[in-house]
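Coordinates as given in start.tsv (TSV, C-alpha atoms and all ligand atoms):
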```tsv
chain	number	residue	atom	x	y	z
E	1	MET	CA	-5.99	-69.88	-130.35
E	2	LYS	CA	-7.06	-72.93	-128.33
E	3	PRO	CA	-4.14	-75.22	-127.30
E	4	PHE	CA	-5.45	-78.02	-129.51
E	5	ALA	CA	-5.78	-75.77	-132.55
E	6	LEU	CA	-2.27	-74.46	-131.94
E	7	PHE	CA	-0.99	-78.01	-131.72
E	8	ALA	CA	-2.78	-78.97	-134.94
E	9	VAL	CA	-1.32	-76.01	-136.81
E	10	LEU	CA	2.17	-76.62	-135.40
E	11	SER	CA	2.15	-80.28	-136.32
E	12	LEU	CA	1.05	-79.36	-139.85
E	13	VAL	CA	3.92	-76.89	-140.15
E	14	LEU	CA	6.44	-79.41	-138.81
E	15	ALA	CA	5.10	-82.15	-141.05
E	16	GLY	CA	5.52	-79.79	-143.99
E	17	ALA	CA	9.10	-78.99	-143.01
E	18	PHE	CA	10.36	-82.51	-142.26
E	19	PHE	CA	8.53	-84.69	-144.70
E	20	SER	CA	8.09	-82.45	-147.72
E	21	CYS	CA	7.46	-84.74	-150.59
E	22	GLY	CA	10.78	-84.70	-152.43
E	23	GLY	CA	13.21	-85.56	-149.69
E	24	GLY	CA	14.30	-89.16	-149.88
E	25	SER	CA	11.09	-90.45	-151.42
E	26	LYS	CA	10.82	-92.13	-154.76
E	27	TYR	CA	8.10	-89.79	-155.99
E	28	VAL	CA	7.18	-86.16	-156.03
E	29	THR	CA	3.73	-86.33	-154.45
E	30	VAL	CA	1.16	-83.74	-155.45
E	31	GLY	CA	-2.39	-83.45	-154.11
E	32	ALA	CA	-5.44	-82.71	-156.23
E	33	VAL	CA	-8.99	-81.97	-155.09
E	34	GLY	CA	-12.35	-81.82	-156.85
E	35	PRO	CA	-16.05	-82.58	-156.24
E	36	VAL	CA	-16.42	-85.97	-157.90
E	37	THR	CA	-19.66	-86.72	-156.03
E	38	GLY	CA	-22.34	-84.42	-154.62
E	39	PRO	CA	-24.37	-81.58	-156.13
E	40	ALA	CA	-21.83	-80.62	-158.81
E	41	ALA	CA	-20.27	-83.97	-159.67
E	42	THR	CA	-19.58	-83.20	-163.33
E	43	PHE	CA	-17.18	-80.47	-162.11
E	44	GLY	CA	-15.12	-83.03	-160.22
E	45	ILE	CA	-15.06	-85.67	-162.94
E	46	SER	CA	-13.76	-83.15	-165.49
E	47	THR	CA	-11.28	-81.80	-162.95
E	48	LYS	CA	-9.86	-85.22	-162.20
E	49	ASN	CA	-9.51	-85.92	-165.92
E	50	GLY	CA	-7.67	-82.63	-166.54
E	51	ASP	CA	-5.32	-83.23	-163.59
E	52	THR	CA	-4.63	-86.79	-164.72
E	53	LEU	CA	-3.86	-85.84	-168.30
E	54	ALA	CA	-1.30	-83.26	-167.15
E	55	VAL	CA	0.43	-85.63	-164.71
E	56	ASP	CA	0.54	-88.46	-167.25
E	57	GLU	CA	2.19	-86.16	-169.79
E	58	TRP	CA	4.82	-85.01	-167.30
E	59	ASN	CA	5.54	-88.59	-166.26
E	60	ALA	CA	5.87	-89.71	-169.88
E	61	ASN	CA	8.46	-86.94	-170.26
E	62	GLY	CA	10.50	-88.07	-167.26
E	63	GLY	CA	8.52	-86.56	-164.38
E	64	VAL	CA	9.87	-83.61	-162.40
E	65	LEU	CA	13.14	-83.13	-160.49
E	66	GLY	CA	14.25	-86.52	-161.83
E	67	LYS	CA	11.36	-88.38	-160.18
E	68	GLN	CA	7.98	-89.67	-161.26
E	69	ILE	CA	4.99	-87.69	-160.04
E	70	LYS	CA	2.44	-89.34	-157.80
E	71	MET	CA	-0.93	-87.55	-157.79
E	72	VAL	CA	-3.21	-88.20	-154.84
E	73	PHE	CA	-6.72	-87.13	-155.83
E	74	ALA	CA	-9.34	-86.43	-153.14
E	75	ASP	CA	-13.11	-85.94	-153.51
E	76	ASP	CA	-14.36	-82.87	-151.60
E	77	LYS	CA	-18.01	-83.78	-152.42
E	78	GLY	CA	-18.74	-80.09	-153.02
E	79	ASP	CA	-18.89	-79.65	-149.26
E	80	PRO	CA	-16.73	-77.23	-147.20
E	81	ALA	CA	-16.47	-79.54	-144.16
E	82	GLU	CA	-15.44	-82.47	-146.35
E	83	GLY	CA	-13.02	-80.13	-148.12
E	84	ALA	CA	-11.32	-79.23	-144.83
E	85	THR	CA	-10.95	-82.94	-144.04
E	86	VAL	CA	-9.38	-83.90	-147.35
E	87	TYR	CA	-6.94	-80.95	-147.48
E	88	THR	CA	-5.74	-81.89	-143.98
E	89	LYS	CA	-5.39	-85.54	-144.96
E	90	LEU	CA	-3.43	-84.76	-148.12
E	91	ILE	CA	-0.97	-82.68	-146.12
E	92	GLN	CA	-0.64	-84.82	-143.00
E	93	GLN	CA	-1.00	-88.35	-144.36
E	94	ASN	CA	0.03	-88.13	-147.99
E	95	LYS	CA	2.74	-85.49	-147.40
E	96	VAL	CA	1.95	-83.69	-150.63
E	97	CYS	CA	4.16	-80.74	-151.52
E	98	ALA	CA	1.40	-78.75	-153.23
E	99	ILE	CA	-2.35	-79.03	-153.78
E	100	VAL	CA	-4.14	-78.34	-157.05
E	101	GLY	CA	-7.81	-77.50	-156.43
E	102	THR	CA	-10.52	-77.14	-155.76
E	103	VAL	CA	-13.43	-75.97	-157.90
E	104	MET	CA	-16.16	-74.43	-155.74
E	105	SER	CA	-15.18	-71.23	-154.00
E	106	ASN	CA	-16.78	-72.09	-150.66
E	107	VAL	CA	-14.82	-75.36	-150.55
E	108	SER	CA	-11.55	-73.66	-151.54
E	109	LEU	CA	-12.24	-71.16	-148.75
E	110	ALA	CA	-12.28	-74.11	-146.32
E	111	GLY	CA	-9.05	-75.61	-147.71
E	112	ALA	CA	-7.02	-72.43	-148.10
E	113	PRO	CA	-6.39	-71.67	-144.39
E	114	ILE	CA	-5.18	-75.26	-143.92
E	115	CYS	CA	-2.68	-74.95	-146.78
E	116	GLN	CA	-1.61	-71.50	-145.65
E	117	ALA	CA	-0.94	-72.67	-142.06
E	118	ALA	CA	1.08	-75.64	-143.33
E	119	LYS	CA	2.98	-73.55	-145.93
E	120	ILE	CA	1.79	-75.88	-148.67
E	121	PRO	CA	1.07	-73.98	-151.89
E	122	MET	CA	-2.49	-74.35	-153.18
E	123	VAL	CA	-3.58	-73.58	-156.73
E	124	ALA	CA	-7.38	-73.45	-156.95
E	125	THR	CA	-8.44	-74.61	-160.39
E	126	ALA	CA	-11.75	-72.82	-160.88
E	127	SER	CA	-12.69	-70.93	-157.68
E	128	THR	CA	-13.48	-67.40	-158.79
E	129	ASN	CA	-14.56	-65.69	-155.54
E	130	PRO	CA	-11.96	-63.01	-154.69
E	131	LYS	CA	-11.73	-64.04	-151.02
E	132	VAL	CA	-10.01	-67.35	-151.87
E	133	THR	CA	-6.52	-65.99	-152.57
E	134	GLU	CA	-6.91	-63.30	-149.90
E	135	VAL	CA	-6.40	-66.09	-147.33
E	136	GLY	CA	-2.65	-65.75	-147.77
E	137	ASP	CA	0.53	-65.83	-149.83
E	138	TYR	CA	0.45	-69.62	-150.41
E	139	ILE	CA	-2.90	-69.48	-152.19
E	140	PHE	CA	-3.10	-69.06	-155.98
E	141	ARG	CA	-5.65	-69.84	-158.69
E	142	ALA	CA	-5.63	-70.61	-162.41
E	143	CYS	CA	-8.82	-68.66	-163.27
E	144	PHE	CA	-10.03	-65.07	-163.41
E	145	ILE	CA	-12.06	-63.69	-160.50
E	146	ASP	CA	-15.72	-62.69	-160.12
E	147	PRO	CA	-15.39	-58.88	-160.11
E	148	PHE	CA	-14.23	-59.35	-163.72
E	149	GLN	CA	-16.71	-62.13	-164.55
E	150	GLY	CA	-19.68	-60.16	-163.14
E	151	THR	CA	-18.62	-57.04	-165.02
E	152	VAL	CA	-18.30	-58.95	-168.29
E	153	GLY	CA	-21.79	-60.42	-167.75
E	154	ALA	CA	-23.34	-57.01	-167.07
E	155	ASP	CA	-21.58	-55.41	-170.05
E	156	PHE	CA	-22.86	-58.16	-172.32
E	157	ALA	CA	-26.42	-57.94	-170.96
E	158	TYR	CA	-26.52	-54.16	-171.33
E	159	ASN	CA	-24.55	-53.63	-174.54
E	160	ASN	CA	-25.21	-56.77	-176.58
E	161	LEU	CA	-28.59	-57.98	-175.32
E	162	LYS	CA	-29.74	-54.37	-174.81
E	163	ALA	CA	-31.22	-55.31	-171.45
E	164	ARG	CA	-32.24	-52.34	-169.31
E	165	ARG	CA	-34.18	-54.14	-166.58
E	166	ALA	CA	-32.43	-57.06	-164.85
E	167	ALA	CA	-33.56	-59.36	-162.05
E	168	CYS	CA	-31.17	-61.39	-159.92
E	169	ILE	CA	-31.70	-64.67	-158.10
E	170	TYR	CA	-28.93	-66.30	-156.08
E	171	ASP	CA	-28.08	-68.75	-153.30
E	172	LEU	CA	-27.73	-66.95	-149.96
E	173	GLY	CA	-25.64	-69.83	-148.59
E	174	ASN	CA	-22.96	-69.72	-151.29
E	175	ASP	CA	-20.17	-67.13	-151.46
E	176	TYR	CA	-19.73	-67.67	-155.17
E	177	THR	CA	-23.29	-67.04	-156.30
E	178	LYS	CA	-23.91	-64.21	-153.82
E	179	GLY	CA	-20.64	-62.52	-154.76
E	180	LEU	CA	-21.09	-62.83	-158.49
E	181	ALA	CA	-24.62	-61.37	-158.26
E	182	GLU	CA	-23.18	-58.38	-156.36
E	183	PHE	CA	-20.55	-57.70	-159.02
E	184	PHE	CA	-23.13	-58.02	-161.79
E	185	LYS	CA	-25.56	-55.63	-160.07
E	186	ALA	CA	-22.85	-53.03	-159.45
E	187	GLN	CA	-21.80	-52.93	-163.10
E	188	PHE	CA	-25.32	-53.16	-164.56
E	189	THR	CA	-26.41	-50.20	-162.43
E	190	LYS	CA	-23.26	-48.27	-163.30
E	191	LEU	CA	-24.08	-48.67	-166.99
E	192	GLY	CA	-27.52	-47.13	-166.41
E	193	GLY	CA	-29.56	-50.32	-166.12
E	194	LYS	CA	-32.07	-51.02	-163.37
E	195	ILE	CA	-32.19	-54.00	-161.00
E	196	VAL	CA	-35.97	-54.53	-160.85
E	197	ALA	CA	-35.92	-57.56	-158.53
E	198	ASP	CA	-33.24	-58.88	-156.20
E	199	GLU	CA	-34.02	-62.29	-154.74
E	200	GLY	CA	-31.92	-64.52	-152.52
E	201	HIS	CA	-32.97	-68.08	-151.72
E	202	ASP	CA	-31.85	-70.51	-149.02
E	203	HIS	CA	-29.20	-73.09	-149.81
E	204	GLY	CA	-30.43	-76.52	-150.84
E	205	VAL	CA	-34.06	-75.64	-151.72
E	206	THR	CA	-35.61	-76.83	-154.99
E	207	ASP	CA	-38.72	-74.66	-155.16
E	208	PHE	CA	-37.95	-71.13	-156.32
E	209	LYS	CA	-41.53	-70.16	-157.24
E	210	ALA	CA	-42.01	-67.47	-154.58
E	211	GLN	CA	-38.89	-65.58	-155.68
E	212	LEU	CA	-39.58	-66.16	-159.37
E	213	THR	CA	-43.18	-64.95	-159.08
E	214	ARG	CA	-41.92	-61.61	-157.72
E	215	ILE	CA	-39.26	-61.53	-160.44
E	216	VAL	CA	-41.70	-62.17	-163.29
E	217	GLN	CA	-44.06	-59.51	-161.92
E	218	ALA	CA	-41.22	-56.96	-162.07
E	219	LYS	CA	-40.98	-57.52	-165.87
E	220	PRO	CA	-37.22	-57.88	-166.29
E	221	ASP	CA	-35.53	-58.11	-169.70
E	222	ILE	CA	-33.17	-60.74	-168.30
E	223	ILE	CA	-32.77	-62.85	-165.17
E	224	TYR	CA	-29.21	-63.10	-163.87
E	225	ASN	CA	-28.72	-66.41	-162.03
E	226	PRO	CA	-25.04	-67.03	-161.22
E	227	ASP	CA	-25.46	-70.49	-159.67
E	228	TYR	CA	-24.29	-74.06	-160.36
E	229	TYR	CA	-25.94	-76.03	-163.15
E	230	ASN	CA	-28.40	-78.09	-161.09
E	231	ASP	CA	-30.06	-75.07	-159.48
E	232	VAL	CA	-29.85	-73.11	-162.74
E	233	ALA	CA	-31.74	-75.79	-164.66
E	234	LEU	CA	-34.50	-75.91	-162.03
E	235	ILE	CA	-34.75	-72.13	-161.83
E	236	ALA	CA	-34.94	-71.83	-165.63
E	237	LYS	CA	-37.74	-74.42	-165.81
E	238	GLN	CA	-39.74	-72.78	-163.04
E	239	ALA	CA	-39.24	-69.32	-164.57
E	240	ARG	CA	-40.65	-70.62	-167.88
E	241	GLU	CA	-43.61	-72.20	-166.07
E	242	LEU	CA	-44.34	-68.78	-164.61
E	243	GLY	CA	-44.30	-67.24	-168.08
E	244	PHE	CA	-40.83	-65.67	-168.34
E	245	LYS	CA	-39.77	-65.64	-172.00
E	246	GLY	CA	-36.52	-63.65	-171.99
E	247	PRO	CA	-32.99	-64.97	-171.57
E	248	LEU	CA	-31.46	-66.09	-168.31
E	249	MET	CA	-27.79	-65.33	-167.81
E	250	GLY	CA	-25.19	-66.69	-165.47
E	251	GLY	CA	-21.54	-67.45	-164.84
E	252	ASP	CA	-19.07	-70.31	-165.14
E	253	GLY	CA	-21.09	-72.49	-162.76
E	254	TRP	CA	-23.40	-73.22	-165.70
E	255	ASP	CA	-20.71	-75.21	-167.47
E	256	SER	CA	-21.88	-78.80	-167.36
E	257	PRO	CA	-23.25	-81.31	-169.84
E	258	ASP	CA	-26.06	-81.74	-167.30
E	259	LEU	CA	-27.31	-78.16	-167.71
E	260	VAL	CA	-29.13	-78.99	-170.93
E	261	LYS	CA	-29.91	-82.56	-169.85
E	262	ILE	CA	-31.89	-81.23	-166.88
E	263	GLY	CA	-32.94	-77.79	-168.17
E	264	GLY	CA	-33.91	-78.82	-171.70
E	265	SER	CA	-35.68	-76.12	-173.70
E	266	ALA	CA	-35.88	-73.86	-170.62
E	267	VAL	CA	-32.18	-72.96	-171.01
E	268	GLU	CA	-32.33	-72.49	-174.78
E	269	GLY	CA	-31.30	-68.97	-175.81
E	270	CYS	CA	-29.61	-68.35	-172.46
E	271	TYR	CA	-26.05	-67.05	-171.95
E	272	PHE	CA	-23.17	-67.49	-169.52
E	273	THR	CA	-19.62	-66.29	-169.01
E	274	ASN	CA	-16.89	-68.92	-169.01
E	275	HIS	CA	-13.13	-69.55	-169.08
E	276	TYR	CA	-12.84	-71.31	-172.40
E	277	SER	CA	-14.77	-72.40	-175.46
E	278	LYS	CA	-14.24	-75.60	-177.41
E	279	ASP	CA	-14.75	-73.47	-180.54
E	280	ASP	CA	-11.59	-71.44	-179.86
E	281	THR	CA	-9.48	-72.03	-182.98
E	282	ARG	CA	-6.06	-71.37	-181.39
E	283	PRO	CA	-3.83	-74.45	-181.95
E	284	VAL	CA	-3.05	-74.76	-178.22
E	285	VAL	CA	-6.77	-75.19	-177.53
E	286	GLN	CA	-7.47	-77.56	-180.41
E	287	ASP	CA	-4.39	-79.70	-179.55
E	288	PHE	CA	-5.56	-79.98	-175.98
E	289	ILE	CA	-9.08	-81.00	-177.07
E	290	LYS	CA	-7.63	-83.71	-179.31
E	291	LYS	CA	-5.45	-85.18	-176.55
E	292	TYR	CA	-8.29	-85.05	-174.03
E	293	GLN	CA	-10.77	-86.66	-176.40
E	294	ALA	CA	-8.33	-89.44	-177.23
E	295	LYS	CA	-8.00	-90.29	-173.53
E	296	PHE	CA	-11.50	-89.69	-172.16
E	297	ASN	CA	-13.71	-89.90	-175.21
E	298	GLU	CA	-15.45	-86.58	-174.63
E	299	VAL	CA	-14.97	-82.88	-175.34
E	300	PRO	CA	-13.41	-81.14	-172.31
E	301	ASP	CA	-15.35	-78.44	-170.47
E	302	ALA	CA	-13.82	-75.44	-168.67
E	303	LEU	CA	-13.25	-77.45	-165.50
E	304	ALA	CA	-11.09	-79.97	-167.34
E	305	VAL	CA	-9.04	-77.26	-169.03
E	306	LEU	CA	-8.52	-75.27	-165.84
E	307	ALA	CA	-7.44	-78.37	-163.93
E	308	TYR	CA	-4.98	-79.22	-166.70
E	309	ASP	CA	-3.66	-75.65	-166.61
E	310	ALA	CA	-3.45	-75.51	-162.82
E	311	MET	CA	-1.62	-78.84	-162.62
E	312	ASN	CA	0.84	-77.86	-165.35
E	313	LEU	CA	1.43	-74.50	-163.70
E	314	THR	CA	2.12	-76.19	-160.36
E	315	LEU	CA	4.48	-78.83	-161.78
E	316	ASN	CA	6.27	-76.14	-163.72
E	317	ALA	CA	6.74	-74.15	-160.50
E	318	ILE	CA	8.18	-77.25	-158.76
E	319	LYS	CA	10.56	-77.61	-161.68
E	320	THR	CA	11.71	-73.98	-161.68
E	321	ALA	CA	11.96	-73.98	-157.89
E	322	GLY	CA	14.23	-77.03	-158.17
E	323	SER	CA	12.69	-78.08	-154.89
E	324	THR	CA	9.61	-79.56	-153.24
E	325	LYS	CA	9.78	-77.17	-150.29
E	326	GLY	CA	6.63	-75.07	-149.85
E	327	PRO	CA	8.29	-71.63	-149.69
E	328	ALA	CA	10.38	-72.36	-152.81
E	329	ILE	CA	7.33	-73.54	-154.78
E	330	ARG	CA	5.35	-70.54	-153.59
E	331	ASP	CA	8.08	-68.16	-154.82
E	332	ALA	CA	8.23	-69.91	-158.19
E	333	LEU	CA	4.43	-69.77	-158.53
E	334	ALA	CA	4.37	-66.06	-157.71
E	335	ALA	CA	6.95	-65.41	-160.44
E	336	SER	CA	5.12	-67.55	-163.06
E	337	ASP	CA	4.69	-66.44	-166.63
E	338	PHE	CA	3.03	-69.55	-167.98
E	339	GLN	CA	1.40	-70.23	-171.34
E	340	ALA	CA	-1.69	-72.18	-170.35
E	341	VAL	CA	-4.46	-73.49	-172.61
E	342	THR	CA	-6.87	-70.89	-171.17
E	343	GLY	CA	-4.32	-68.11	-171.79
E	344	GLU	CA	-1.20	-66.67	-170.21
E	345	ILE	CA	-1.00	-67.02	-166.44
E	346	LYS	CA	0.87	-64.24	-164.68
E	347	PHE	CA	-0.11	-63.30	-161.14
E	348	ASP	CA	-1.06	-59.89	-159.82
E	349	ALA	CA	-0.22	-58.84	-156.25
E	350	ASN	CA	-3.18	-60.89	-154.95
E	351	ARG	CA	-2.09	-64.07	-156.77
E	352	ASN	CA	-4.88	-63.82	-159.33
E	353	PRO	CA	-4.17	-64.22	-163.05
E	354	ILE	CA	-5.49	-61.60	-165.46
E	355	LYS	CA	-7.31	-63.51	-168.22
E	356	SER	CA	-10.05	-63.15	-170.82
E	357	ALA	CA	-13.59	-64.49	-170.50
E	358	VAL	CA	-15.83	-65.93	-173.19
E	359	ILE	CA	-19.58	-65.64	-173.62
E	360	ILE	CA	-21.44	-68.85	-174.44
E	361	GLU	CA	-24.99	-69.18	-175.73
E	362	ILE	CA	-27.08	-72.33	-175.41
E	363	LYS	CA	-28.33	-72.91	-178.93
E	364	ASN	CA	-30.06	-76.07	-180.17
E	365	GLY	CA	-29.05	-77.67	-176.89
E	366	GLN	CA	-25.35	-77.01	-177.54
E	367	GLN	CA	-22.85	-74.53	-176.17
E	368	GLN	CA	-22.11	-71.99	-178.84
E	369	PHE	CA	-19.24	-69.50	-178.63
E	370	VAL	CA	-20.40	-65.87	-178.93
E	371	THR	CA	-17.41	-63.65	-178.16
E	372	THR	CA	-14.22	-63.23	-176.12
E	373	ILE	CA	-13.87	-60.34	-173.72
E	374	ALA	CA	-10.40	-59.29	-172.59
E	375	PRO	CA	-9.80	-57.45	-169.34
E	376	THR	CA	-9.30	-53.71	-169.76
E	377	PRO	CA	-5.64	-52.96	-169.12
E	401	LIG	N1	-16.30	-70.44	-160.30
E	401	LIG	C1	-17.06	-71.39	-159.53
E	401	LIG	C2	-16.83	-71.10	-158.06
E	401	LIG	O1	-16.00	-70.35	-157.73
E	401	LIG	C3	-16.67	-72.81	-159.90
E	401	LIG	C4	-16.74	-73.17	-161.35
E	401	LIG	C5	-15.78	-72.76	-162.24
E	401	LIG	C6	-17.79	-73.91	-161.84
E	401	LIG	C7	-15.84	-73.08	-163.60
E	401	LIG	C8	-17.86	-74.23	-163.18
E	401	LIG	C9	-16.90	-73.81	-164.07
E	401	LIG	O2	-17.46	-71.63	-157.18
```

As structure tokens, how would this structure be written, given the file I've shared?
Amino acid sequence: MKPFALFAVLSLVLAGAFFSCGGGSKYVTVGAVGPVTGPAATFGISTKNGDTLAVDEWNANGGVLGKQIKMVFADDKGDPAEGATVYTKLIQQNKVCAIVGTVMSNVSLAGAPICQAAKIPMVATASTNPKVTEVGDYIFRACFIDPFQGTVGADFAYNNLKARRAACIYDLGNDYTKGLAEFFKAQFTKLGGKIVADEGHDHGVTDFKAQLTRIVQAKPDIIYNPDYYNDVALIAKQARELGFKGPLMGGDGWDSPDLVKIGGSAVEGCYFTNHYSKDDTRPVVQDFIKKYQAKFNEVPDALAVLAYDAMNLTLNAIKTAGSTKGPAIRDALAASDFQAVTGEIKFDANRNPIKSAVIIEIKNGQQQFVTTIAPTP
């Protein structure tokens, strides 16, 4: 390690030890991160809302450890470099005792080593790539991971949609989309299906015609496109222009009100895997939707629910730890058995919760719940 890097890490560790947020201060200070601007801005807006609702509820009930909670929210802009900057700032300047977030796996992968080095627990809200929690024992998440999500997608494509020929298109510069495509392909092939086209594209491009032309020529039953909603909408439109009539399928990155706004009829009849459905009739879900709607005047998406869950889980761990010290919060998080809106959160050895997924169909421009798929025990 270069002397400067060593110094930076050491000062983070010392800052964490001496100024951890409880000691002497009036507040318990918690960090939160999400992409409020940039290519996936709806993710961040929902995330901030979910975080805020949770903190406001705790504060109305007396806060935690006898103090009010101060949430410092930072915008990672959906960018790993910006993510690294804001995680560092939250720890060094704001002296947060834990960080809730972020959403996109490649940004969480930039923040996680910073939290790990400083011994500040991090609970990613919605980052599903397995590598995120592998960074170390201070890194947790509130969502399932992509080996499960990709398997669920492939099972649904093969068993329910009766697809036998699948094509994949994904962003080569994004760990999340590349990883999820891999897990889908592995399961789809294992079931006896055939991957008839496998197309990566560069990050940030908007013309996918070359890849889609090859895909359409291969005559797939479905196109699996596990990307974020902006790219998905463009890819769906261009696939339709090239004559593809079957369904596209994807993962949680599709969950945005902007998917249909941009994609229009091109995403009609398409499917994606997700963490939650607004149509879930369980009282815990419907109560949450009511509270959220009353405050923000809209129906929460999965990002909002996961942020709410992750924030509640984190504050609950601070409470059970009886402390704002990183190692104590980490131990309490690891031992969690928490009833969240998206389901029970209990961590496996890699600090990943085992949770169900739902399948959503886009029908008449709306998200429609299709089915819930539980992990096989
Ligand atoms: N799972 C995505 C990722 O890891 C983020 C995401 C989660 C987006 C849920 C939308 C909904 O990058």

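Around ligand LIG 401 (chain E), the neighbouring residues within 8 Å, taking only C-alpha atoms and all ligand atoms, come to Phe43, Val103, Met104, Ser105, Asn106, Thr125, Ala126, Ser127, Thr128, Asn129, Ile145, Asp146, Asp175, Tyr176, Thr177, Tyr228, Gly251, Asp252, Gly253, Trp254, Asp255, Ser256, Asn274, His275, Ala302, Leu303 and Leu306 of chain E.
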
Review point. Please, which residues are within 12 Å of (0.1, -58.3, -159.7) by the file's coordinates, counting only C-alpha atoms, and could they come as JSON, numbers by chain?
Key: {"E": [140, 334, 335, 336, 337, 345, 346, 347, 348, 349, 350, 351, 352, 353, 354]}

Check your understanding: Can you tell me how far atom CA of Ala239 of chain E sits from atom CA of Tyr276 of chain E, in Å to one decimal?
Key -> 27.6 Å

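Distances to Asp279 of chain E were evaluated for E:Ala218, E:Val299, E:Leu234, E:Val196 using all atoms listed in the file, and the minimum falls at E:Val299.
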
Review point. At what distance in Å, to one decimal, does atom CA of Phe188 of chain E lie from atom CA of Phe272 of chain E?
Key: 15.3 Å

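For the pair atom CA of Ile262 of chain E and atom CA of Asn230 of chain E, the separation is 7.5 Å.
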
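The set of protein, DNA and RNA residues with any counted atom at most 12 Å from (12.8, -75.4, -159.9) (only C-alpha atoms) reads Val64, Leu65, Gly66, Thr314, Leu315, Asn316, Ala317, Ile318, Lys319, Thr320, Ala321, Gly322, Ser323, Thr324, Lys325, Gly326, Pro327, Ala328, Ile329, Arg330, Asp331, Ala332, Leu333, Ala335 and Ser336 of chain E.
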
Residues just named, written with C-alpha atoms as an mmCIF file, in the frame of the given file:
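Result written to again.cif:
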```cif
data_model
loop_
_atom_site.group_PDB
_atom_site.id
_atom_site.type_symbol
_atom_site.label_atom_id
_atom_site.label_comp_id
_atom_site.auth_asym_id
_atom_site.auth_seq_id
_atom_site.Cartn_x
_atom_site.Cartn_y
_atom_site.Cartn_z
ATOM 1 C CA VAL E 64 9.870 -83.610 -162.400
ATOM 2 C CA LEU E 65 13.140 -83.130 -160.490
ATOM 3 C CA GLY E 66 14.250 -86.520 -161.830
ATOM 4 C CA THR E 314 2.120 -76.190 -160.360
ATOM 5 C CA LEU E 315 4.480 -78.830 -161.780
ATOM 6 C CA ASN E 316 6.270 -76.140 -163.720
ATOM 7 C CA ALA E 317 6.740 -74.150 -160.500
ATOM 8 C CA ILE E 318 8.180 -77.250 -158.760
ATOM 9 C CA LYS E 319 10.560 -77.610 -161.680
ATOM 10 C CA THR E 320 11.710 -73.980 -161.680
ATOM 11 C CA ALA E 321 11.960 -73.980 -157.890
ATOM 12 C CA GLY E 322 14.230 -77.030 -158.170
ATOM 13 C CA SER E 323 12.690 -78.080 -154.890
ATOM 14 C CA THR E 324 9.610 -79.560 -153.240
ATOM 15 C CA LYS E 325 9.780 -77.170 -150.290
ATOM 16 C CA GLY E 326 6.630 -75.070 -149.850
ATOM 17 C CA PRO E 327 8.290 -71.630 -149.690
ATOM 18 C CA ALA E 328 10.380 -72.360 -152.810
ATOM 19 C CA ILE E 329 7.330 -73.540 -154.780
ATOM 20 C CA ARG E 330 5.350 -70.540 -153.590
ATOM 21 C CA ASP E 331 8.080 -68.160 -154.820
ATOM 22 C CA ALA E 332 8.230 -69.910 -158.190
ATOM 23 C CA LEU E 333 4.430 -69.770 -158.530
ATOM 24 C CA ALA E 335 6.950 -65.410 -160.440
ATOM 25 C CA SER E 336 5.120 -67.550 -163.060
#
```

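Compared by their closest atoms to Phe184 of chain E, and using all atoms listed in the file, the residues E:Ile223, E:Val33, E:Val267, E:Leu161 rank with E:Ile223 nearest.
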
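Each of E:Ala154, E:Cys143, E:Met249, E:Ile99 was compared to Ile169 of chain E using all atoms listed in the file, and E:Met249 turns out to be the nearest.
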
Check your understanding: Which residues come within 12 Å of segment 110-113 of chain E, counting only C-alpha atoms, excluding same-chain residues fewer than 2 positions away, as a PyMOL selection string?
Key -> chain E and resi 9+12+32-34+76+78-91+98-108+115-124+127+131-141+175

Revision key, fill the gap. Shortest contact to Arg165 of chain E, candidates E:Lys209, E:Lys291, E:Lys261, E:Lys219, atoms counted only C-alpha atoms, goes to E:Lys219

Could N, CA, C and O atoms be built for segment 166-171 of chain E and written out as a short mmCIF file (atom, residue, chain, number, x, y, z; two decimals), keeping the file's coordinate frame?
```cif
data_model
loop_
_atom_site.label_atom_id
_atom_site.label_comp_id
_atom_site.auth_asym_id
_atom_site.auth_seq_id
_atom_site.Cartn_x
_atom_site.Cartn_y
_atom_site.Cartn_z
N ALA E 166 -32.94 -55.73 -165.20
CA ALA E 166 -32.43 -57.06 -164.85
C ALA E 166 -32.96 -57.49 -163.49
O ALA E 166 -33.13 -56.66 -162.59
N ALA E 167 -33.23 -58.78 -163.35
CA ALA E 167 -33.56 -59.36 -162.05
C ALA E 167 -32.45 -60.32 -161.66
O ALA E 167 -31.84 -60.94 -162.53
N CYS E 168 -32.20 -60.44 -160.37
CA CYS E 168 -31.17 -61.39 -159.92
C CYS E 168 -31.79 -62.40 -158.97
O CYS E 168 -32.64 -62.06 -158.15
N ILE E 169 -31.33 -63.64 -159.08
CA ILE E 169 -31.70 -64.67 -158.10
C ILE E 169 -30.44 -65.47 -157.78
O ILE E 169 -29.71 -65.85 -158.68
N TYR E 170 -30.19 -65.67 -156.49
CA TYR E 170 -28.93 -66.30 -156.08
C TYR E 170 -29.09 -67.04 -154.76
O TYR E 170 -30.03 -66.81 -154.01
N ASP E 171 -28.11 -67.89 -154.48
CA ASP E 171 -28.08 -68.75 -153.30
C ASP E 171 -27.44 -67.99 -152.13
O ASP E 171 -26.25 -67.67 -152.18
#
```
